[in-house]
>>> print(open('structure_29.txt').read())   # compact mmCIF, C-alpha atoms
# COMPACT_ATOMS: atom_id res chain seq x y z
CA MET A 1 -4.31 -13.66 -14.92
CA GLN A 2 -2.74 -15.55 -12.00
CA GLN A 3 0.78 -14.78 -10.90
CA LYS A 4 3.63 -17.28 -10.74
CA VAL A 5 5.18 -17.56 -7.32
CA SER A 6 8.70 -17.85 -8.82
CA ARG A 7 9.00 -14.06 -8.76
CA PRO A 8 7.44 -11.45 -6.49
CA LEU A 9 4.40 -9.53 -7.57
CA PHE A 10 5.01 -5.78 -7.77
CA LEU A 11 2.30 -3.53 -6.30
CA GLY A 12 2.70 0.24 -6.51
CA PHE A 13 0.86 2.90 -4.52
CA ALA A 14 0.72 6.13 -6.50
CA SER A 15 -1.24 9.37 -6.42
CA GLN A 16 -1.37 12.72 -8.16
CA LYS A 17 -2.26 14.70 -5.03
CA GLY A 18 -0.40 15.03 -1.77
CA GLY A 19 -2.21 14.20 1.45
CA VAL A 20 -4.64 11.75 -0.12
CA GLY A 21 -3.46 8.93 2.16
CA LYS A 22 -1.32 6.96 -0.27
CA SER A 23 1.41 5.99 2.18
CA SER A 24 -0.95 5.38 5.10
CA LEU A 25 -3.02 2.94 3.05
CA ALA A 26 0.11 1.20 1.80
CA GLU A 27 1.27 0.82 5.40
CA VAL A 28 -2.09 -0.57 6.51
CA LEU A 29 -2.25 -3.04 3.63
CA ALA A 30 1.33 -4.23 4.15
CA ALA A 31 0.71 -4.83 7.85
CA VAL A 32 -2.53 -6.78 7.38
CA LEU A 33 -1.20 -8.88 4.52
CA TYR A 34 2.05 -9.77 6.28
CA TYR A 35 1.09 -10.08 9.94
CA GLU A 36 -2.42 -11.51 9.53
CA ARG A 37 -2.84 -12.98 6.05
CA GLY A 38 0.51 -14.78 5.81
CA ILE A 39 1.82 -13.14 2.64
CA PRO A 40 5.63 -12.74 2.69
CA LEU A 41 6.48 -9.25 1.47
CA VAL A 42 9.07 -6.50 1.38
CA VAL A 43 8.41 -2.76 1.13
CA MET A 44 10.33 -0.35 -1.09
CA ASP A 45 9.97 3.29 -0.01
CA CYS A 46 10.53 5.40 -3.13
CA ASP A 47 9.03 8.63 -1.79
CA ALA A 48 12.26 10.46 -1.01
CA THR A 49 10.54 13.66 0.13
CA GLN A 50 8.47 11.90 2.80
CA GLU A 51 9.96 8.42 3.36
CA SER A 52 6.79 7.58 5.28
CA PHE A 53 7.47 3.86 5.64
CA TYR A 54 11.11 4.26 6.59
CA LYS A 55 10.50 7.05 9.11
CA LEU A 56 7.52 5.22 10.63
CA ARG A 57 9.76 2.21 11.30
CA GLU A 58 12.42 4.50 12.82
CA ARG A 59 9.90 6.17 15.15
CA GLU A 60 8.55 2.82 16.27
CA ARG A 61 12.01 1.38 16.83
CA ASP A 62 13.02 4.40 18.93
CA LEU A 63 9.86 4.10 21.04
CA ILE A 64 10.30 0.38 21.62
CA GLU A 65 13.92 0.84 22.68
CA SER A 66 13.02 3.64 25.11
CA ASP A 67 9.90 2.16 26.74
CA ALA A 68 10.23 -1.06 28.77
CA LYS A 69 6.48 -1.77 28.74
CA ILE A 70 6.17 -1.44 24.96
CA GLN A 71 9.35 -3.46 24.54
CA ALA A 72 7.90 -6.33 26.57
CA GLU A 73 4.60 -6.20 24.65
CA MET A 74 6.38 -6.28 21.31
CA LYS A 75 8.68 -9.11 22.36
CA ALA A 76 5.68 -11.20 23.40
CA TYR A 77 3.87 -10.30 20.19
CA PHE A 78 6.69 -11.39 17.88
CA THR A 79 7.25 -14.55 19.90
CA ARG A 80 3.61 -15.52 19.27
CA LEU A 81 3.89 -14.45 15.64
CA GLY A 82 6.91 -16.67 15.05
CA LYS A 83 8.54 -14.47 12.43
CA PRO A 84 10.33 -11.10 12.26
CA SER A 85 8.88 -7.85 10.93
CA TYR A 86 8.85 -7.29 7.19
CA THR A 87 11.83 -5.52 5.62
CA ILE A 88 11.68 -1.89 4.52
CA LEU A 89 14.09 -0.70 1.83
CA ARG A 90 14.42 2.82 0.44
CA ALA A 91 15.69 4.08 -2.90
CA LYS A 92 15.02 6.55 -5.66
CA PRO A 93 12.62 5.16 -8.27
CA GLU A 94 15.41 4.83 -10.83
CA ASP A 95 17.35 2.57 -8.43
CA ALA A 96 14.44 0.75 -6.77
CA LEU A 97 14.09 -2.26 -9.06
CA THR A 98 17.81 -3.02 -8.98
CA LEU A 99 17.97 -2.69 -5.20
CA VAL A 100 14.93 -4.91 -4.71
CA GLN A 101 16.43 -7.60 -6.90
CA GLN A 102 19.75 -7.41 -5.06
CA TYR A 103 17.94 -7.78 -1.75
CA LEU A 104 15.89 -10.75 -2.97
CA ASP A 105 19.00 -12.46 -4.35
CA THR A 106 21.16 -11.98 -1.25
CA GLN A 107 18.96 -11.42 1.81
CA GLY A 108 15.44 -12.34 0.79
CA ARG A 109 13.24 -14.55 2.95
CA GLY A 110 11.03 -15.92 0.20
CA GLU A 111 9.04 -12.72 -0.30
CA ARG A 112 6.29 -13.05 -2.88
CA LEU A 113 5.08 -9.45 -2.90
CA VAL A 114 6.90 -6.13 -3.16
CA ILE A 115 4.95 -3.01 -2.21
CA PHE A 116 6.35 0.21 -3.71
CA ASP A 117 5.41 3.56 -2.18
CA PHE A 118 5.76 6.01 -5.08
CA PRO A 119 6.77 9.69 -4.88
CA GLY A 120 3.93 12.15 -4.40
CA HIS A 121 3.53 12.86 -8.10
CA ALA A 122 4.17 10.07 -10.59
CA SER A 123 3.61 11.86 -13.87
CA THR A 124 7.20 12.49 -15.03
CA GLU A 125 8.52 10.39 -17.92
CA SER A 126 10.86 8.35 -15.74
CA LEU A 127 8.13 7.65 -13.19
CA LEU A 128 5.69 6.68 -15.92
CA ARG A 129 8.18 4.09 -17.13
CA PHE A 130 8.68 2.95 -13.53
CA SER A 131 4.90 2.66 -13.17
CA VAL A 132 4.53 0.16 -16.00
CA GLU A 133 7.10 -2.09 -14.27
CA MET A 134 4.46 -2.75 -11.60
CA ASP A 135 2.02 -5.63 -11.95
CA PHE A 136 -0.69 -3.52 -10.31
CA ILE A 137 -1.06 0.07 -9.13
CA ILE A 138 -3.46 1.31 -6.47
CA SER A 139 -4.21 5.03 -6.56
CA PRO A 140 -6.21 6.58 -3.69
CA ILE A 141 -8.46 9.47 -4.73
CA GLU A 142 -10.70 12.06 -3.09
CA ALA A 143 -13.77 13.83 -4.44
CA ASP A 144 -11.94 16.90 -5.74
CA PRO A 145 -12.62 17.64 -9.45
CA GLN A 146 -9.18 19.09 -10.22
CA SER A 147 -7.18 16.27 -8.66
CA LEU A 148 -9.55 13.70 -10.18
CA ALA A 149 -8.76 15.06 -13.64
CA SER A 150 -5.01 14.61 -13.14
CA SER A 151 -5.54 11.18 -11.58
CA PHE A 152 -7.60 10.08 -14.56
CA ALA A 153 -4.95 11.36 -17.01
CA TYR A 154 -2.23 9.44 -15.13
CA ALA A 155 -4.25 6.23 -15.08
CA ARG A 156 -5.09 6.53 -18.77
CA THR A 157 -1.43 7.09 -19.63
CA ILE A 158 -0.30 4.06 -17.62
CA CYS A 159 -2.88 1.82 -19.26
CA ASP A 160 -1.90 3.08 -22.75
CA LEU A 161 1.81 2.63 -22.04
CA GLY A 162 1.15 -0.85 -20.76
CA LEU A 163 -0.42 -1.77 -24.08
CA GLY A 164 2.35 -0.05 -26.04
CA PHE A 165 5.40 -1.59 -24.33
CA GLU A 166 5.94 -5.26 -25.11
CA ASP A 167 7.91 -5.80 -21.88
CA ALA A 168 5.53 -3.85 -19.61
CA ARG A 169 4.37 -5.77 -16.54
CA ILE A 170 1.35 -3.63 -15.68
CA GLU A 171 -1.85 -5.68 -15.60
CA ASP A 172 -4.32 -3.32 -13.97
CA PHE A 173 -4.70 0.07 -12.33
CA PHE A 174 -7.19 0.48 -9.48
CA PHE A 175 -8.68 3.67 -8.08
CA LEU A 176 -9.67 3.64 -4.42
CA TRP A 177 -11.95 6.21 -2.81
CA ASN A 178 -10.26 7.31 0.41
CA LYS A 179 -11.23 9.63 3.28
CA VAL A 180 -14.87 9.39 2.30
CA ASN A 181 -17.17 11.54 4.43
CA ARG A 182 -20.32 9.58 5.17
CA SER A 183 -22.42 12.76 5.37
CA ALA A 184 -21.09 14.43 2.20
CA ASN A 185 -22.96 14.60 -1.10
CA PRO A 186 -21.80 11.55 -3.12
CA THR A 187 -22.50 13.07 -6.55
CA ILE A 188 -18.87 13.72 -7.58
CA GLN A 189 -17.83 10.31 -6.36
CA GLN A 190 -20.60 8.56 -8.30
CA VAL A 191 -20.08 10.55 -11.50
CA PHE A 192 -16.34 9.84 -11.55
CA THR A 193 -16.87 6.17 -10.69
CA ASP A 194 -19.28 5.77 -13.59
CA TYR A 195 -17.01 7.67 -15.98
CA ALA A 196 -13.91 5.68 -15.01
CA LYS A 197 -15.72 2.40 -15.53
CA GLN A 198 -17.04 3.56 -18.90
CA GLU A 199 -13.46 4.33 -19.91
CA GLY A 200 -12.32 0.86 -18.88
CA LEU A 201 -10.53 1.87 -15.66
CA SER A 202 -10.88 -0.27 -12.56
CA MET A 203 -12.32 0.90 -9.25
CA PHE A 204 -12.47 -0.91 -5.94
CA ASP A 205 -16.07 -1.50 -4.93
CA THR A 206 -15.20 -0.74 -1.32
CA CYS A 207 -14.07 2.66 -0.06
CA ILE A 208 -12.19 3.88 3.01
CA TYR A 209 -14.12 6.24 5.28
CA HIS A 210 -12.57 9.26 6.91
CA SER A 211 -11.37 8.87 10.49
CA VAL A 212 -8.71 10.48 12.64
CA LYS A 213 -8.00 7.02 14.07
CA ILE A 214 -5.96 6.12 10.99
CA ALA A 215 -3.22 8.48 12.20
CA ARG A 216 -2.79 6.67 15.54
CA GLU A 217 0.73 5.29 15.81
CA LEU A 218 2.34 3.09 18.43
CA GLN A 219 2.65 5.02 21.69
CA ALA A 220 3.28 4.41 25.36
CA ALA A 221 -0.30 5.36 26.30
CA GLY A 222 -2.50 2.52 25.10
CA GLY A 223 0.35 0.33 23.93
CA VAL A 224 -0.25 -2.02 21.03
CA LYS A 225 -4.03 -2.27 21.52
CA THR A 226 -4.96 1.15 20.11
CA CYS A 227 -2.34 1.37 17.35
CA PHE A 228 -3.61 1.80 13.78
CA ARG A 229 -0.66 2.92 11.64
CA SER A 230 2.35 0.69 12.19
CA SER A 231 5.10 -1.22 10.40
CA TYR A 232 5.12 -3.83 13.19
CA LEU A 233 1.42 -4.38 13.80
CA ALA A 234 -1.78 -4.73 11.85
CA PRO A 235 -4.32 -2.00 12.70
CA ALA A 236 -6.35 -2.56 15.85
CA PRO A 237 -9.37 -4.71 14.82
CA MET A 238 -11.81 -2.57 16.79
CA TYR A 239 -11.30 0.30 14.33
CA ARG A 240 -11.08 -1.46 11.00
CA ALA A 241 -14.48 -2.80 9.98
CA ALA A 242 -16.32 0.52 10.32
CA LEU A 243 -13.72 2.25 8.13
CA GLY A 244 -13.94 -0.33 5.35
CA ILE A 245 -10.39 -1.61 5.87
CA ASP A 246 -11.23 -5.30 6.18
CA ALA A 247 -13.57 -5.29 3.17
CA TRP A 248 -10.94 -3.47 1.08
CA VAL A 249 -8.17 -5.91 2.04
CA ASP A 250 -10.43 -8.82 1.07
CA GLU A 251 -11.09 -7.18 -2.27
CA VAL A 252 -7.38 -6.51 -2.87
CA ILE A 253 -6.59 -10.17 -2.20
CA GLU A 254 -9.30 -11.28 -4.61
CA LYS A 255 -8.71 -8.87 -7.49
CA LEU A 256 -4.91 -8.99 -7.36
CA HIS A 257 -4.84 -12.78 -6.90
CA LEU A 258 -2.84 -12.46 -3.69
CA ILE A 259 -4.19 -15.71 -2.28
CA ASN A 260 -1.65 -17.39 -4.57
CA LEU A 261 1.17 -15.61 -2.77
CA LYS A 262 0.54 -16.97 0.72
CA SER A 263 3.43 -18.59 2.50
CA ASP A 264 3.65 -22.35 2.29
CA GLU A 265 4.56 -22.53 5.98
>>> encode(input="structure_29.txt", output="C-alpha cells")
Amino acid sequence: MQQKVSRPLFLGFASQKGGVGKSSLAEVLAAVLYYERGIPLVVMDCDATQESFYKLRERERDLIESDAKIQAEMKAYFTRLGKPSYTILRAKPEDALTLVQQYLDTQGRGERLVIFDFPGHASTESLLRFSVEMDFIISPIEADPQSLASSFAYARTICDLGLGFEDARIEDFFFLWNKVNRSANPTIQQVFTDYAKQEGLSMFDTCIYHSVKIARELQAAGGVKTCFRSSYLAPAPMYRAALGIDAWVDEVIEKLHLINLKSDE
C-alpha cells in the first residue's frame, strides 16, 4: 500500500534486547535517507534511558565547536549539501506523537518521514499501543534463542493488535538480522527466518554484518572521512557495502515505499 505524502510516514525502531544495535541502525538509516537519498525526515528519540540520537548530536556539536578543522570541514559539507541537518526531538512515548505533530505544524520543513527510536523494551501495554501507531516497525535481532522468543512474541502481538484496532496505522513489522558473524554457524538464523516467514512475519532479505567500524563517530583524527555513526553525515562509503548497509537501505526504500517520500526539490 503506497503512502500519501500529505502526512509523514511513521517508522519505529524497536527491540526486545538491549545492545542489539537498534539505535545505531536507526541513526545510519536516518543519515543515508536524509543526506544522500533526499527524503525529508525528523527523528523522535523516545529511549529516555539512552537518548542515543540526542546525545550523539550533542557530542558532535561539542566537537565541531571545539575543533577548527572539523568546523571548517562541516561548514564546507553543509554548503555543498544546501540544506541543514535533520531535526532531533526527544520525548517519552506517551508524549511523542503530540510533540511530533506540534513540531510539524509550527516548525516543520516539509518532513515526510518520522523515525522513532523506541525504548529498549517495547512490551508494556502503553508501548504496545504506541507501536501500532507506527506505519512500519523495524526490529533488529541476533541469533540468541531466548531473545528471539521474546522478539517473536512482540512481533506477533503487534500484528494481532494491528488487525484488532480499527484506527491502527501499523502496516508491517520487519525483522532484521544484525551483527551477523560471517564465520558463525547460520543454523539458528535460518531456522528462525523460516519459522517467522511461515507465521506470516516479514524479514529483510539482507542482513548487517558485525564490524567494530559501526561504532566510529566523528572525531578530530580522520575528520569526516572515517565517520560511520553520525547525525550530520551518512556513513563513510568505504565501509558500507561490505557490511550490507547499502543493500539494506535499498530494500527499506523498496519495501516501505519510501521512494514516494522523496523531496520535490
>>> closest_residue(input="structure_29.txt", among="A:Ile188, A:Cys207, A:Leu176, A:Leu99", to="Gln146 of chain A", atoms="all atoms listed in the file")
A:Ile188
>>> atom_distance(input="structure_29.txt", atom1="atom CA of Arg37 of chain A", atom2="atom CA of Ala234 of chain A")
10.1 Å
>>> residues_around(input="structure_29.txt", residues="Met238 of chain A", least_positions_apart="6", cutoff="12 Å", atoms="only C-alpha atoms", output="list in words")
Lys213, Ile214, Lys225, Thr226, Cys227, Phe228, Gly244, Ile245 and Asp246 of chain A
>>> residues_around(input="structure_29.txt", residues="Thr187 of chain A", least_positions_apart="6", cutoff="12 Å", atoms="only C-alpha atoms", output="ChimeraX atom specification")
/A:143-145,193-194
>>> closest_atom_pairs(input="structure_29.txt", of="segment 80-143 of chain A", to="segment 250-257 of chain A", cutoff="12 Å", atoms="only C-alpha atoms", output="JSON lines")
{"residue": "A:Arg112", "atom": "CA", "partner": "A:His257", "partner_atom": "CA", "distance": 11.8}
{"residue": "A:Leu113", "atom": "CA", "partner": "A:Leu256", "partner_atom": "CA", "distance": 11.0}
{"residue": "A:Asp135", "atom": "CA", "partner": "A:Leu256", "partner_atom": "CA", "distance": 9.0}
{"residue": "A:Phe136", "atom": "CA", "partner": "A:Leu256", "partner_atom": "CA", "distance": 7.5}
{"residue": "A:Ile137", "atom": "CA", "partner": "A:Leu256", "partner_atom": "CA", "distance": 10.0}
{"residue": "A:Ile138", "atom": "CA", "partner": "A:Val252", "partner_atom": "CA", "distance": 9.5}
>>> residues_around(input="structure_29.txt", residues="Leu11 of chain A", least_positions_apart="2", cutoff="12 Å", atoms="only C-alpha atoms", output="JSON, numbers by chain")
{"A": [8, 9, 13, 14, 26, 29, 30, 41, 42, 43, 44, 112, 113, 114, 115, 116, 117, 118, 130, 131, 132, 133, 134, 135, 136, 137, 138, 139, 169, 170, 171, 172, 173, 174, 252, 253, 256, 257, 258]}
>>> write_last_selection(input="structure_29.txt", atoms="C-alpha atoms", output="PDB file, in the coordinates of the input")
ATOM      1  CA  PRO A   8       7.440 -11.450  -6.490  1.00  0.00           C
ATOM      2  CA  LEU A   9       4.400  -9.530  -7.570  1.00  0.00           C
ATOM      3  CA  PHE A  13       0.860   2.900  -4.520  1.00  0.00           C
ATOM      4  CA  ALA A  14       0.720   6.130  -6.500  1.00  0.00           C
ATOM      5  CA  ALA A  26       0.110   1.200   1.800  1.00  0.00           C
ATOM      6  CA  LEU A  29      -2.250  -3.040   3.630  1.00  0.00           C
ATOM      7  CA  ALA A  30       1.330  -4.230   4.150  1.00  0.00           C
ATOM      8  CA  LEU A  41       6.480  -9.250   1.470  1.00  0.00           C
ATOM      9  CA  VAL A  42       9.070  -6.500   1.380  1.00  0.00           C
ATOM     10  CA  VAL A  43       8.410  -2.760   1.130  1.00  0.00           C
ATOM     11  CA  MET A  44      10.330  -0.350  -1.090  1.00  0.00           C
ATOM     12  CA  ARG A 112       6.290 -13.050  -2.880  1.00  0.00           C
ATOM     13  CA  LEU A 113       5.080  -9.450  -2.900  1.00  0.00           C
ATOM     14  CA  VAL A 114       6.900  -6.130  -3.160  1.00  0.00           C
ATOM     15  CA  ILE A 115       4.950  -3.010  -2.210  1.00  0.00           C
ATOM     16  CA  PHE A 116       6.350   0.210  -3.710  1.00  0.00           C
ATOM     17  CA  ASP A 117       5.410   3.560  -2.180  1.00  0.00           C
ATOM     18  CA  PHE A 118       5.760   6.010  -5.080  1.00  0.00           C
ATOM     19  CA  PHE A 130       8.680   2.950 -13.530  1.00  0.00           C
ATOM     20  CA  SER A 131       4.900   2.660 -13.170  1.00  0.00           C
ATOM     21  CA  VAL A 132       4.530   0.160 -16.000  1.00  0.00           C
ATOM     22  CA  GLU A 133       7.100  -2.090 -14.270  1.00  0.00           C
ATOM     23  CA  MET A 134       4.460  -2.750 -11.600  1.00  0.00           C
ATOM     24  CA  ASP A 135       2.020  -5.630 -11.950  1.00  0.00           C
ATOM     25  CA  PHE A 136      -0.690  -3.520 -10.310  1.00  0.00           C
ATOM     26  CA  ILE A 137      -1.060   0.070  -9.130  1.00  0.00           C
ATOM     27  CA  ILE A 138      -3.460   1.310  -6.470  1.00  0.00           C
ATOM     28  CA  SER A 139      -4.210   5.030  -6.560  1.00  0.00           C
ATOM     29  CA  ARG A 169       4.370  -5.770 -16.540  1.00  0.00           C
ATOM     30  CA  ILE A 170       1.350  -3.630 -15.680  1.00  0.00           C
ATOM     31  CA  GLU A 171      -1.850  -5.680 -15.600  1.00  0.00           C
ATOM     32  CA  ASP A 172      -4.320  -3.320 -13.970  1.00  0.00           C
ATOM     33  CA  PHE A 173      -4.700   0.070 -12.330  1.00  0.00           C
ATOM     34  CA  PHE A 174      -7.190   0.480  -9.480  1.00  0.00           C
ATOM     35  CA  VAL A 252      -7.380  -6.510  -2.870  1.00  0.00           C
ATOM     36  CA  ILE A 253      -6.590 -10.170  -2.200  1.00  0.00           C
ATOM     37  CA  LEU A 256      -4.910  -8.990  -7.360  1.00  0.00           C
ATOM     38  CA  HIS A 257      -4.840 -12.780  -6.900  1.00  0.00           C
ATOM     39  CA  LEU A 258      -2.840 -12.460  -3.690  1.00  0.00           C
TER      40      LEU A 258
END
>>> atom_distance(input="structure_29.txt", atom1="atom CA of Arg182 of chain A", atom2="atom CA of Tyr35 of chain A")
29.5 Å
>>> atom_distance(input="structure_29.txt", atom1="atom CA of Ile141 of chain A", atom2="atom CA of Leu127 of chain A")
18.7 Å
>>> closest_residue(input="structure_29.txt", among="A:Thr124, A:Thr87, A:Thr79, A:Gln71", to="Gln107 of chain A", atoms="all atoms listed in the file")
A:Thr87
>>> closest_residue(input="structure_29.txt", among="A:Lys92, A:Lys83, A:Arg216, A:Lys17", to="Glu60 of chain A", atoms="only C-alpha atoms")
A:Arg216
>>> residues_around(input="structure_29.txt", residues="segment 147-153 of chain A", least_positions_apart="2", cutoff="12 Å", atoms="all atoms listed in the file", output="mmCIF file with C-alpha atoms, in the frame of the given file")
data_model
loop_
_atom_site.group_PDB
_atom_site.id
_atom_site.type_symbol
_atom_site.label_atom_id
_atom_site.label_comp_id
_atom_site.auth_asym_id
_atom_site.auth_seq_id
_atom_site.Cartn_x
_atom_site.Cartn_y
_atom_site.Cartn_z
ATOM 1 C CA ALA A 14 0.720 6.130 -6.500
ATOM 2 C CA SER A 15 -1.240 9.370 -6.420
ATOM 3 C CA GLN A 16 -1.370 12.720 -8.160
ATOM 4 C CA LYS A 17 -2.260 14.700 -5.030
ATOM 5 C CA GLY A 18 -0.400 15.030 -1.770
ATOM 6 C CA GLY A 19 -2.210 14.200 1.450
ATOM 7 C CA VAL A 20 -4.640 11.750 -0.120
ATOM 8 C CA GLY A 120 3.930 12.150 -4.400
ATOM 9 C CA HIS A 121 3.530 12.860 -8.100
ATOM 10 C CA ALA A 122 4.170 10.070 -10.590
ATOM 11 C CA SER A 123 3.610 11.860 -13.870
ATOM 12 C CA LEU A 128 5.690 6.680 -15.920
ATOM 13 C CA ILE A 138 -3.460 1.310 -6.470
ATOM 14 C CA SER A 139 -4.210 5.030 -6.560
ATOM 15 C CA PRO A 140 -6.210 6.580 -3.690
ATOM 16 C CA ILE A 141 -8.460 9.470 -4.730
ATOM 17 C CA GLU A 142 -10.700 12.060 -3.090
ATOM 18 C CA ALA A 143 -13.770 13.830 -4.440
ATOM 19 C CA ASP A 144 -11.940 16.900 -5.740
ATOM 20 C CA PRO A 145 -12.620 17.640 -9.450
ATOM 21 C CA ALA A 155 -4.250 6.230 -15.080
ATOM 22 C CA ARG A 156 -5.090 6.530 -18.770
ATOM 23 C CA THR A 157 -1.430 7.090 -19.630
ATOM 24 C CA ILE A 158 -0.300 4.060 -17.620
ATOM 25 C CA CYS A 159 -2.880 1.820 -19.260
ATOM 26 C CA ASP A 160 -1.900 3.080 -22.750
ATOM 27 C CA PHE A 173 -4.700 0.070 -12.330
ATOM 28 C CA PHE A 174 -7.190 0.480 -9.480
ATOM 29 C CA PHE A 175 -8.680 3.670 -8.080
ATOM 30 C CA LEU A 176 -9.670 3.640 -4.420
ATOM 31 C CA TRP A 177 -11.950 6.210 -2.810
ATOM 32 C CA ILE A 188 -18.870 13.720 -7.580
ATOM 33 C CA GLN A 189 -17.830 10.310 -6.360
ATOM 34 C CA VAL A 191 -20.080 10.550 -11.500
ATOM 35 C CA PHE A 192 -16.340 9.840 -11.550
ATOM 36 C CA THR A 193 -16.870 6.170 -10.690
ATOM 37 C CA TYR A 195 -17.010 7.670 -15.980
ATOM 38 C CA ALA A 196 -13.910 5.680 -15.010
ATOM 39 C CA LYS A 197 -15.720 2.400 -15.530
ATOM 40 C CA GLU A 199 -13.460 4.330 -19.910
ATOM 41 C CA GLY A 200 -12.320 0.860 -18.880
ATOM 42 C CA LEU A 201 -10.530 1.870 -15.660
ATOM 43 C CA SER A 202 -10.880 -0.270 -12.560
ATOM 44 C CA MET A 203 -12.320 0.900 -9.250
#
>>> residues_around(input="structure_29.txt", residues="Ser24 of chain A", least_positions_apart="3", cutoff="9 Å", atoms="all atoms listed in the file", output="PyMOL selection string")
chain A and resi 21+27-29+52-53+214-215+229
>>> closest_residue(input="structure_29.txt", among="A:Leu233, A:Asp205, A:Tyr54, A:Ala221", to="Ala247 of chain A", atoms="all atoms listed in the file")
A:Asp205
>>> closest_residue(input="structure_29.txt", among="A:Val224, A:Glu36, A:Gly108, A:Ala242", to="Ser211 of chain A", atoms="all atoms listed in the file")
A:Ala242
